[in-house]
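Dropping coords35.tsv in here (TSV, C-alpha atoms):
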```tsv
chain	number	residue	atom	x	y	z
A	1	MET	CA	-10.58	4.91	-9.62
A	2	ASP	CA	-13.62	4.45	-7.38
A	3	GLY	CA	-14.64	4.05	-3.74
A	4	MET	CA	-14.94	0.26	-3.91
A	5	GLN	CA	-11.40	-0.02	-5.21
A	6	ALA	CA	-10.19	2.32	-2.46
A	7	TYR	CA	-11.83	0.15	0.19
A	8	GLN	CA	-10.45	-3.08	-1.28
A	9	ARG	CA	-6.93	-1.69	-1.56
A	10	ALA	CA	-6.98	-0.45	2.01
A	11	LEU	CA	-8.11	-3.89	3.24
A	12	ALA	CA	-5.36	-5.63	1.31
A	13	GLY	CA	-2.50	-3.16	1.68
A	14	LYS	CA	-3.14	-1.67	5.15
A	15	PRO	CA	-1.79	1.81	4.20
A	16	ASP	CA	-0.56	4.27	6.82
A	17	LEU	CA	-3.03	6.89	5.58
A	18	VAL	CA	-5.69	7.32	2.86
A	19	VAL	CA	-6.30	10.48	0.80
A	20	MET	CA	-9.35	10.26	-1.45
A	21	ASP	CA	-11.99	12.22	-3.30
A	22	ILE	CA	-15.71	12.07	-2.51
A	23	ARG	CA	-17.43	11.99	-5.88
A	24	MET	CA	-16.41	8.63	-7.35
A	25	PRO	CA	-18.22	5.91	-9.34
A	26	ARG	CA	-19.59	2.66	-7.84
A	27	MET	CA	-19.10	3.91	-4.27
A	28	ASP	CA	-18.56	7.49	-3.07
A	29	GLY	CA	-15.86	8.53	-0.62
A	30	PHE	CA	-18.26	8.92	2.30
A	31	THR	CA	-19.38	5.29	1.99
A	32	ALA	CA	-15.83	4.00	1.58
A	33	CYS	CA	-14.78	5.95	4.66
A	34	ARG	CA	-17.66	4.54	6.73
A	35	LEU	CA	-16.71	1.01	5.70
A	36	LEU	CA	-13.08	1.61	6.62
A	37	ALA	CA	-14.11	3.05	9.99
A	38	ALA	CA	-16.39	0.07	10.69
A	39	ASN	CA	-13.78	-2.59	9.89
A	40	SER	CA	-11.50	-3.55	12.79
A	41	ASP	CA	-8.61	-4.06	10.36
A	42	THR	CA	-8.78	-0.52	8.94
A	43	ARG	CA	-10.58	1.66	11.48
A	44	GLU	CA	-7.32	3.20	12.77
A	45	ILE	CA	-6.13	4.28	9.30
A	46	PRO	CA	-6.50	8.09	9.01
A	47	VAL	CA	-8.62	9.23	6.05
A	48	ILE	CA	-8.29	12.69	4.49
A	49	PHE	CA	-10.86	13.93	1.99
A	50	LEU	CA	-9.68	16.06	-0.92
A	51	SER	CA	-12.76	17.49	-2.62
A	52	SER	CA	-14.30	20.42	-4.45
A	53	LEU	CA	-17.46	19.97	-2.32
A	54	SER	CA	-16.99	22.94	-0.02
A	55	ASP	CA	-20.43	23.27	1.61
A	56	LEU	CA	-20.44	23.08	5.39
A	57	ASP	CA	-22.87	20.16	5.42
A	58	LYS	CA	-20.56	18.14	3.15
A	59	ARG	CA	-17.54	18.91	5.32
A	60	LEU	CA	-19.48	17.86	8.41
A	61	GLU	CA	-20.68	14.70	6.67
A	62	GLY	CA	-17.09	13.82	5.77
A	63	LEU	CA	-15.86	14.29	9.32
A	64	GLY	CA	-18.88	12.42	10.62
A	65	ALA	CA	-18.07	9.50	8.32
A	66	GLY	CA	-14.75	9.13	10.12
A	67	ALA	CA	-12.30	11.33	8.22
A	68	VAL	CA	-9.59	13.10	10.22
A	69	ASP	CA	-9.32	16.03	7.81
A	70	TYR	CA	-11.10	17.66	4.85
A	71	VAL	CA	-9.15	19.67	2.26
A	72	ILE	CA	-11.04	21.77	-0.29
A	73	LYS	CA	-9.97	22.06	-3.94
A	74	PRO	CA	-8.17	24.01	-5.27
A	75	PHE	CA	-5.42	23.29	-2.78
A	76	GLU	CA	-1.75	24.02	-2.21
A	77	PRO	CA	0.24	20.78	-2.50
A	78	ALA	CA	2.63	21.85	0.25
A	79	GLU	CA	-0.28	22.29	2.66
A	80	VAL	CA	-1.70	18.87	1.83
A	81	VAL	CA	1.70	17.26	2.41
A	82	ALA	CA	2.02	19.11	5.72
A	83	ARG	CA	-1.42	17.89	6.84
A	84	ILE	CA	-0.51	14.33	5.87
A	85	GLN	CA	2.69	14.52	7.89
A	86	VAL	CA	0.81	15.80	10.94
A	87	HIS	CA	-1.72	12.97	10.81
A	88	LEU	CA	0.97	10.35	10.22
A	89	ARG	CA	2.85	11.53	13.31
A	90	ARG	CA	-0.32	11.33	15.40
A	91	ALA	CA	-1.51	7.99	14.03
A	92	ARG	CA	-0.84	4.68	15.70
A	93	PRO	CA	2.65	3.55	14.66
A	94	VAL	CA	2.42	0.94	11.91
A	95	ARG	CA	4.68	-2.02	12.66
A	96	THR	CA	6.02	-4.21	9.87
A	97	ASP	CA	6.30	-7.94	10.25
A	98	VAL	CA	10.08	-7.59	10.20
A	99	GLU	CA	10.41	-5.63	13.43
A	100	VAL	CA	9.96	-8.78	15.50
A	101	GLU	CA	12.78	-10.45	13.60
A	102	LEU	CA	15.11	-7.48	14.05
A	103	GLY	CA	15.02	-7.71	17.81
A	104	GLY	CA	17.54	-5.52	19.56
A	105	THR	CA	20.44	-5.75	17.10
A	106	SER	CA	22.55	-2.61	16.77
A	107	ASP	CA	21.89	-2.29	13.05
A	108	GLY	CA	18.19	-3.16	13.34
A	109	PRO	CA	17.10	0.51	12.97
A	110	LEU	CA	19.16	0.77	9.78
A	111	VAL	CA	17.42	-2.28	8.28
A	112	GLN	CA	14.01	-1.00	9.40
A	113	ALA	CA	14.64	2.43	7.85
A	114	ALA	CA	15.70	0.77	4.59
A	115	ILE	CA	12.58	-1.41	4.60
A	116	ASP	CA	10.31	1.57	5.27
A	117	TYR	CA	11.86	3.45	2.34
A	118	LEU	CA	11.70	0.51	-0.05
A	119	LEU	CA	8.06	-0.24	0.76
A	120	SER	CA	7.12	3.40	0.14
A	121	HIS	CA	8.89	3.33	-3.25
A	122	LEU	CA	7.61	0.08	-4.77
A	123	HIS	CA	7.25	1.69	-8.19
A	124	ASP	CA	10.65	3.39	-8.28
A	125	PRO	CA	13.07	1.75	-5.83
A	126	PRO	CA	16.54	3.33	-5.63
A	127	THR	CA	19.73	1.51	-6.52
A	128	LEU	CA	21.48	-0.17	-3.60
A	129	ASP	CA	24.13	2.56	-3.63
A	130	ASP	CA	21.50	5.33	-3.57
A	131	LEU	CA	19.56	3.58	-0.80
A	132	ALA	CA	22.71	3.28	1.29
A	133	LYS	CA	23.52	6.97	0.78
A	134	LEU	CA	19.97	7.98	1.75
A	135	LEU	CA	20.52	6.17	5.06
A	136	GLY	CA	24.01	7.52	5.67
A	137	THR	CA	25.85	4.25	5.10
A	138	ASN	CA	27.42	2.21	2.30
A	139	GLU	CA	26.32	-0.73	0.16
A	140	LYS	CA	28.52	-3.25	1.95
A	141	ARG	CA	27.28	-2.39	5.43
A	142	LEU	CA	23.63	-2.25	4.34
A	143	SER	CA	23.80	-5.63	2.58
A	144	ARG	CA	25.58	-7.16	5.56
A	145	ALA	CA	22.94	-5.79	7.95
A	146	PHE	CA	20.13	-7.29	5.85
A	147	ARG	CA	21.82	-10.67	5.63
A	148	LYS	CA	22.46	-10.69	9.37
A	149	ASN	CA	18.95	-9.65	10.39
A	150	ILE	CA	16.63	-11.26	7.83
A	151	GLY	CA	18.83	-13.53	5.72
A	152	LYS	CA	18.13	-11.71	2.45
A	153	SER	CA	19.56	-8.89	0.38
A	154	PRO	CA	17.55	-5.63	0.35
A	155	PHE	CA	16.12	-6.37	-3.08
A	156	GLU	CA	15.40	-10.02	-2.39
A	157	TYR	CA	13.33	-8.74	0.52
A	158	LEU	CA	11.62	-6.12	-1.67
A	159	ARG	CA	10.73	-8.70	-4.31
A	160	GLU	CA	9.25	-10.99	-1.66
A	161	ARG	CA	7.11	-8.18	-0.23
A	162	ARG	CA	5.92	-7.22	-3.73
A	163	LEU	CA	4.86	-10.80	-4.36
A	164	LYS	CA	3.08	-11.08	-1.01
A	165	LEU	CA	1.16	-7.87	-1.71
A	166	ALA	CA	0.31	-9.09	-5.20
A	167	ALA	CA	-1.01	-12.38	-3.81
A	168	ARG	CA	-3.17	-10.50	-1.30
A	169	LEU	CA	-4.55	-8.22	-4.00
A	170	LEU	CA	-5.34	-11.23	-6.20
A	171	ALA	CA	-7.18	-13.00	-3.39
A	172	GLU	CA	-8.94	-10.05	-1.77
A	173	THR	CA	-9.74	-7.58	-4.57
A	174	SER	CA	-11.21	-7.57	-8.06
A	175	LEU	CA	-8.35	-5.50	-9.48
A	176	ALA	CA	-7.22	-6.58	-12.95
A	177	ILE	CA	-3.96	-8.51	-13.08
A	178	ASN	CA	-2.35	-5.75	-15.18
A	179	ALA	CA	-3.34	-3.24	-12.51
A	180	ILE	CA	-1.89	-5.44	-9.75
A	181	SER	CA	1.36	-5.70	-11.72
A	182	ASP	CA	1.53	-1.90	-11.86
A	183	GLU	CA	0.45	-1.52	-8.25
A	184	THR	CA	3.29	-3.72	-7.00
A	185	GLY	CA	6.00	-2.17	-9.15
A	186	PHE	CA	6.76	-4.86	-11.75
A	187	THR	CA	8.11	-3.68	-15.10
A	188	SER	CA	5.39	-5.46	-17.08
A	189	ALA	CA	2.51	-7.89	-16.67
A	190	ALA	CA	4.58	-10.58	-18.43
A	191	ASN	CA	7.48	-10.12	-16.00
A	192	PHE	CA	5.05	-10.17	-13.10
A	193	ALA	CA	3.46	-13.41	-14.29
A	194	THR	CA	6.86	-15.10	-14.71
A	195	VAL	CA	8.17	-14.06	-11.30
A	196	PHE	CA	4.86	-14.89	-9.60
A	197	ARG	CA	4.78	-18.40	-11.10
A	198	GLU	CA	8.40	-19.04	-10.08
A	199	HIS	CA	7.60	-18.04	-6.49
A	200	PHE	CA	4.13	-19.56	-5.98
A	201	GLY	CA	4.11	-22.35	-8.56
A	202	GLN	CA	0.94	-20.89	-10.13
A	203	THR	CA	0.16	-18.13	-12.60
A	204	PRO	CA	-1.61	-15.08	-11.16
A	205	SER	CA	-4.89	-16.23	-12.75
A	206	GLU	CA	-4.56	-19.73	-11.29
A	207	TYR	CA	-3.74	-18.30	-7.87
A	208	ARG	CA	-6.77	-16.01	-8.00
A	209	ARG	CA	-9.13	-18.85	-8.94
A	210	ALA	CA	-7.80	-21.00	-6.09
A	211	ASN	CA	-7.72	-18.31	-3.40
A	212	CYS	CA	-10.26	-15.62	-4.33
A	213	LYS	CA	-12.68	-14.81	-1.51
A	214	GLU	CA	-16.40	-15.20	-2.13
A	215	SER	CA	-17.04	-11.51	-1.50
A	216	VAL	CA	-14.60	-10.64	-4.28
A	217	LYS	CA	-15.99	-13.22	-6.69
A	218	ALA	CA	-19.37	-11.49	-6.42
A	219	LEU	CA	-17.91	-8.22	-7.74
A	220	PRO	CA	-18.05	-7.37	-11.47
A	221	ASP	CA	-15.19	-9.11	-13.30
A	222	ASP	CA	-12.55	-7.07	-15.11
A	223	SER	CA	-11.80	-8.31	-18.59
A	224	GLU	CA	-8.06	-7.78	-18.10
A	225	SER	CA	-8.02	-10.33	-15.29
A	226	ARG	CA	-9.73	-13.13	-17.21
```
Encoding of this model in structure tokens:
Amino acid sequence: MDGMQAYQRALAGKPDLVVMDIRMPRMDGFTACRLLAANSDTREIPVIFLSSLSDLDKRLEGLGAGAVDYVIKPFEPAEVVARIQVHLRRARPVRTDVEVELGGTSDGPLVQAAIDYLLSHLHDPPTLDDLAKLLGTNEKRLSRAFRKNIGKSPFEYLRERRLKLAARLLAETSLAINAISDETGFTSAANFATVFREHFGQTPSEYRRANCKESVKALPDDSESR
């Protein structure tokens, strides 16, 4: 919705790549990009601008702010996807915290591929059968591989990662709780609150009050999160 939100989400979620506009409220894309480039935690994340500002000086300013690419509107979706794929291939590989646990097991790559797919589809995860088919295997083998490597089923793992991301967003951003529920793929804010309390022993609001960073507390409050 705005450049400040983009910056906060990138800090909390560590995305593989960011695509954003330039003209946004609160903070424009140039400023958000400069902040990302200056932060050691996010400076290696590729940023692509997608904007109707086509003047040469604006394009140069965007690249000077740290963006790896600048796409002018109107655009062809297929070209944007192709550019994203190129930059993802060239970017530093993003390691998940599970790779260390997988070690050198023969089915480690299968589990890692499943994890990568699940984390990129938080809002619309496939069924276990569909996930297995996407990876060229079956439900039984995939479930067994997860249990062997990380001691959880695929969807127990997905739920845990959703909750960890939600906790980070609560502590490190000013996003409304409803927005965090949507962002992490829960069916409703009520379901999110129930599952979060079962896992952390606190409601999302209680967790935010106990763990919110000072820099986030200084931001304007969102009425949905009160």
Exercise for review: Step by step: start from the point (10.8, -6.7, -4.9) in the file's coordinates, keep every protein, DNA or RNA residue that has an atom no farther than 10 Å from it, count only C-alpha atoms, and write the set as number ranges by chain.
Suggested key: A: 118-119, 122-123, 125, 154-164, 184-186
Review point. With all atoms listed in the file as the atoms that count, which of A:Met27, A:Ala166, A:Ala176, A:Leu131 lies nearest to Phe200 of chain A?
Key: A:Ala166
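When atom CA of Ala12 of chain A is paired with atom CA of Arg168 of chain A, their separation reads 5.9 Å.
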Set the distance at 12 Å and use only C-alpha atoms: which residues neighbour Arg147 of chain A once local chain neighbours fewer than 3 positions away are removed? I'd like the list as a tab-separated table (two decimals) with C-alpha atoms, in the coordinates of the input.
```tsv
chain	number	residue	atom	x	y	z
A	102	LEU	CA	15.11	-7.48	14.05
A	107	ASP	CA	21.89	-2.29	13.05
A	108	GLY	CA	18.19	-3.16	13.34
A	111	VAL	CA	17.42	-2.28	8.28
A	140	LYS	CA	28.52	-3.25	1.95
A	141	ARG	CA	27.28	-2.39	5.43
A	142	LEU	CA	23.63	-2.25	4.34
A	143	SER	CA	23.80	-5.63	2.58
A	144	ARG	CA	25.58	-7.16	5.56
A	150	ILE	CA	16.63	-11.26	7.83
A	151	GLY	CA	18.83	-13.53	5.72
A	152	LYS	CA	18.13	-11.71	2.45
A	153	SER	CA	19.56	-8.89	0.38
A	154	PRO	CA	17.55	-5.63	0.35
A	155	PHE	CA	16.12	-6.37	-3.08
A	156	GLU	CA	15.40	-10.02	-2.39
A	157	TYR	CA	13.33	-8.74	0.52
```
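One distance worth recording is that between atom CA of Leu170 of chain A and atom CA of Thr127 of chain A, which is 28.1 Å.
Of the listed residues A:Ile84, A:Ala132, A:Ala145, A:Met4, the one whose atoms come nearest to Tyr70 of chain A is A:Ile84, with distances taken using only C-alpha atoms.
Neighbouring residues of Lys58 of chain A at 12 Å or closer, counting all atoms listed in the file and skipping chain neighbours under 3 positions away, are A:Ile22, A:Arg23, A:Gly29, A:Phe30, A:Phe49, A:Leu50, A:Ser51, A:Ser52, A:Leu53, A:Ser54, A:Asp55, A:Glu61, A:Gly62, A:Leu63, A:Gly64, A:Ala65, A:Ala67, A:Tyr70, A:Val71, A:Ile72.
The space between atom CA of Pro126 of chain A and atom CA of Pro15 of chain A spans 20.9 Å.
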Counting only C-alpha atoms, which residues have an atom no more than 6 Å from (-5.9, 6.6, 8.7) in the file's coordinates? Please list them as a compact mmCIF listing (two decimals) with C-alpha atoms, in the frame of the given file.
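And here is the file that came out, out-v1.txt:
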```txt
# COMPACT_ATOMS: atom_id res chain seq x y z
CA LEU A 17 -3.03 6.89 5.58
CA VAL A 18 -5.69 7.32 2.86
CA GLU A 44 -7.32 3.20 12.77
CA ILE A 45 -6.13 4.28 9.30
CA PRO A 46 -6.50 8.09 9.01
CA VAL A 47 -8.62 9.23 6.05
```
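When only C-alpha atoms are used to measure the gap to Leu11 of chain A, the shortest distance among A:Arg89, A:Lys73, A:Arg43, A:Arg83 belongs to A:Arg43.
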What lies within 12 Å of Val81 of chain A using all atoms listed in the file, ignoring chain neighbours under 5 positions off, as a PDB file with C-alpha atoms, keeping the file's coordinate frame?
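Saved as out09.pdb:
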```
ATOM      1  CA  LEU A  17      -3.030   6.890   5.580  1.00  0.00           C
ATOM      2  CA  VAL A  19      -6.300  10.480   0.800  1.00  0.00           C
ATOM      3  CA  ILE A  48      -8.290  12.690   4.490  1.00  0.00           C
ATOM      4  CA  LEU A  50      -9.680  16.060  -0.920  1.00  0.00           C
ATOM      5  CA  VAL A  71      -9.150  19.670   2.260  1.00  0.00           C
ATOM      6  CA  PHE A  75      -5.420  23.290  -2.780  1.00  0.00           C
ATOM      7  CA  GLU A  76      -1.750  24.020  -2.210  1.00  0.00           C
ATOM      8  CA  VAL A  86       0.810  15.800  10.940  1.00  0.00           C
ATOM      9  CA  HIS A  87      -1.720  12.970  10.810  1.00  0.00           C
ATOM     10  CA  LEU A  88       0.970  10.350  10.220  1.00  0.00           C
TER      11      LEU A  88
END
```
Exercise for review: Can you pull out every residue within 9 Å of Met24 of chain A, counting all atoms listed in the file, but drop anything in the same chain fewer than 4 positions away, and send it as a list in words?
Suggested key: Met1, Asp2, Gly3, Asp28 and Gly29 of chain A
Quick one: write out the picked residues with C-alpha atoms as a JSON list (two decimals), keeping the file's coordinate frame?
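Once written, again-v3.json looks like this:
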```json
[["chain", "number", "residue", "atom", "x", "y", "z"],
["A", 1, "MET", "CA", -10.58, 4.91, -9.62],
["A", 2, "ASP", "CA", -13.62, 4.45, -7.38],
["A", 3, "GLY", "CA", -14.64, 4.05, -3.74],
["A", 28, "ASP", "CA", -18.56, 7.49, -3.07],
["A", 29, "GLY", "CA", -15.86, 8.53, -0.62]]
```
Check your understanding: Restricting the calculation to only C-alpha atoms, which member of A:Ala167, A:Asp124, A:Asp16, A:Ala78 is positioned closest to Arg197 of chain A?
Key -> A:Ala167
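Restricting the calculation to only C-alpha atoms, the smallest distance between Ala171 of chain A and any of A:Thr194, A:Gln85, A:Asn138, A:Asn211 is found for A:Asn211.
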